[in-house]
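Below: one structure, written as structure tokens.
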Amino acid sequence: MDFHHSPLILASASPRRREILSLLGLPFEAVPAASEPAVDPLLPLDEAVCAVARGKAAEVAARFPGRDVLGADTVVSLDGLVLGKPRDEEDARRMLRLLQGRSHTVHTGVWLFGPEFPAEGCGFADRARVTFFPLSPREIDEYIATGEPMDKAGAYGIQGTGMRHIRGIEGDFYTVMGLPGGRLWRFLQGRPIE
């Protein structure tokens with residue numbers, strides 16, 4: 001894929017996704033989608049995060065015809081329960097109580113529209129397994145007080161002070177952060193991602 005003519009448009013306000021694209025060396029500009037589509041509870045999670053990513057990318061692509069647009073979405077799942085971004089501190093506390101001392105799955109969907117892609121766009125989903133250490137109520141409260149959990153799926157940031165609470169990860173760290181960098185790089189080059 002050639003971004004020399006015009007940079008990729010990232011349909012997201014996420015500073016973490018911007019950081020990952022910068023680490024990949026991809027020229028881009030961030031143009032967040034005006035709305036955040038809801039995760040469809042009737043779809044399998046990998047399909048659901050791709051549908052949300054597609055919705056974000058489609059909305060921005062309609063404003064920038066002829067440009068390559070990337071949408072992404074990340075959710076956390078624990079025993080069939082989907083954890084998005086917390087509504088408030090109490091919701092963050094609820095999520096962290098659920099996650100502490102256990103393993104959960106992070107699903108990130110990626111979708112692209114543009115001249116080099118089919119009309120309906122194309123994309124993929126990736127997932128990683130994350131295990132938390134047991135956390136005391138005080139540790140949870142102290143973490144919430146940092147403000148870090150408030151704009152992140154599952155109420156934690158693996159790349160921030162949330163790392164204190166992570167025992168281990170199986171899969172791509174960057175999928176948990178919000179964008180599977182290695183798979184995205186290969187996908188953009190038309191190479192196998194499995």
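We name chains A, B, ... following the order of the structure tokens; residues begin at 1 in each chain, and ligands are numbered from 1 as shown.
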task = Give the strand (DSSP E) residues of stretch 4-155 of chain A, as DSSP finds them on the backbone, and put them as a ChimeraX atom specification.
result = /A:8-10,28-30,69-78,81-83,103-113,122-132
Find the residues of stretch 13-90 of chain A that sit at most 6 Å from stretch 141-154 of chain A; for each, write down the nearest two atoms and how far apart they are in Å, to one decimal. Count only C-alpha atoms. Sort by chain, then by number going up, and give it as JSON lines.
{"residue": "A:Val75", "atom": "CA", "partner": "A:Ala153", "partner_atom": "CA", "distance": 5.4}
{"residue": "A:Val76", "atom": "CA", "partner": "A:Gly154", "partner_atom": "CA", "distance": 5.4}
{"residue": "A:Leu83", "atom": "CA", "partner": "A:Gly154", "partner_atom": "CA", "distance": 5.1}
{"residue": "A:Gly84", "atom": "CA", "partner": "A:Ala153", "partner_atom": "CA", "distance": 4.3}
{"residue": "A:Lys85", "atom": "CA", "partner": "A:Ala153", "partner_atom": "CA", "distance": 4.3}
{"residue": "A:Pro86", "atom": "CA", "partner": "A:Met150", "partner_atom": "CA", "distance": 5.9}
request  = Just the residues within 12 Å of A:Leu188, please, counting only C-alpha atoms, with nothing from its chain fewer than 5 positions along; format it as number ranges by chain.
outcome  = A: 1-3, 8, 24, 26, 68-70, 110-114, 116-117, 122-124, 181-183, 193
inquiry  = Between A:Phe133, A:Asp91, A:Gly109, A:Val52, which residue has the minimum interatomic distance to A:Arg167, considering only C-alpha atoms?
reply    =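 Checking each of A:Phe133, A:Asp91, A:Gly109, A:Val52 against A:Arg167, counting only C-alpha atoms, the winner is A:Phe133.
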ask   = Which residues, written as a list in words, have at least one atom at most 7 Å from A:Val49, with only C-alpha atoms counted and residues fewer than 5 positions away on the same chain left out?
value = Val39, Asp73, Thr74, Thr108 and Gly109 of chain A
Those selected residues, please, written with N, CA, C and O atoms and delivered as a compact mmCIF listing (two decimals), in the first residue's frame.
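result_13.txt, written as the output of this step:
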# COMPACT_ATOMS: atom_id res chain seq x y z
N VAL A 39 -21.94 -2.03 20.12
CA VAL A 39 -21.59 -3.42 19.83
C VAL A 39 -22.88 -4.24 19.76
O VAL A 39 -23.70 -4.18 20.68
N ASP A 73 -11.99 -0.91 16.77
CA ASP A 73 -12.78 -0.96 18.01
C ASP A 73 -12.23 -2.07 18.89
O ASP A 73 -11.81 -3.11 18.38
N THR A 74 -12.24 -1.84 20.19
CA THR A 74 -11.73 -2.81 21.15
C THR A 74 -12.74 -3.02 22.27
O THR A 74 -13.28 -2.03 22.80
N THR A 108 -10.08 -6.86 19.30
CA THR A 108 -9.93 -5.62 18.54
C THR A 108 -10.26 -5.91 17.08
O THR A 108 -9.71 -6.83 16.48
N GLY A 109 -11.19 -5.12 16.56
CA GLY A 109 -11.57 -5.20 15.15
C GLY A 109 -10.97 -4.04 14.38
O GLY A 109 -10.85 -2.92 14.90
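Near A:Asp79, within a cut-off of 10 Å and counting only C-alpha atoms, sit the residues Ser103, His104 and Thr105 of chain A, with same-chain residues fewer than 4 positions away left out.
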Write the residues of the selection above to a file with N, CA, C and O atoms, as a compact mmCIF listing (two decimals), in the first residue's frame.
# COMPACT_ATOMS: atom_id res chain seq x y z
N SER A 103 -8.59 -14.19 34.21
CA SER A 103 -8.20 -13.97 32.82
C SER A 103 -9.41 -13.54 32.01
O SER A 103 -10.53 -13.98 32.28
N HIS A 104 -9.18 -12.69 31.02
CA HIS A 104 -10.25 -12.24 30.14
C HIS A 104 -9.69 -12.12 28.72
O HIS A 104 -8.48 -12.24 28.51
N THR A 105 -10.56 -11.89 27.76
CA THR A 105 -10.16 -11.78 26.36
C THR A 105 -10.40 -10.36 25.86
O THR A 105 -11.44 -9.77 26.15
request  = Excluding A:Glu194 and any residue of its chain fewer than 2 positions from it, enumerate the residues within 12 Å of it, using only C-alpha atoms, and give them as a PyMOL selection string.
outcome  = chain A and resi 124-126+182-184+186-187+191-192
task = For atom CA of A:Glu170 and atom CA of A:Phe132, determine how far apart the two atoms are, in Å to one decimal place.
result = 12.2 Å
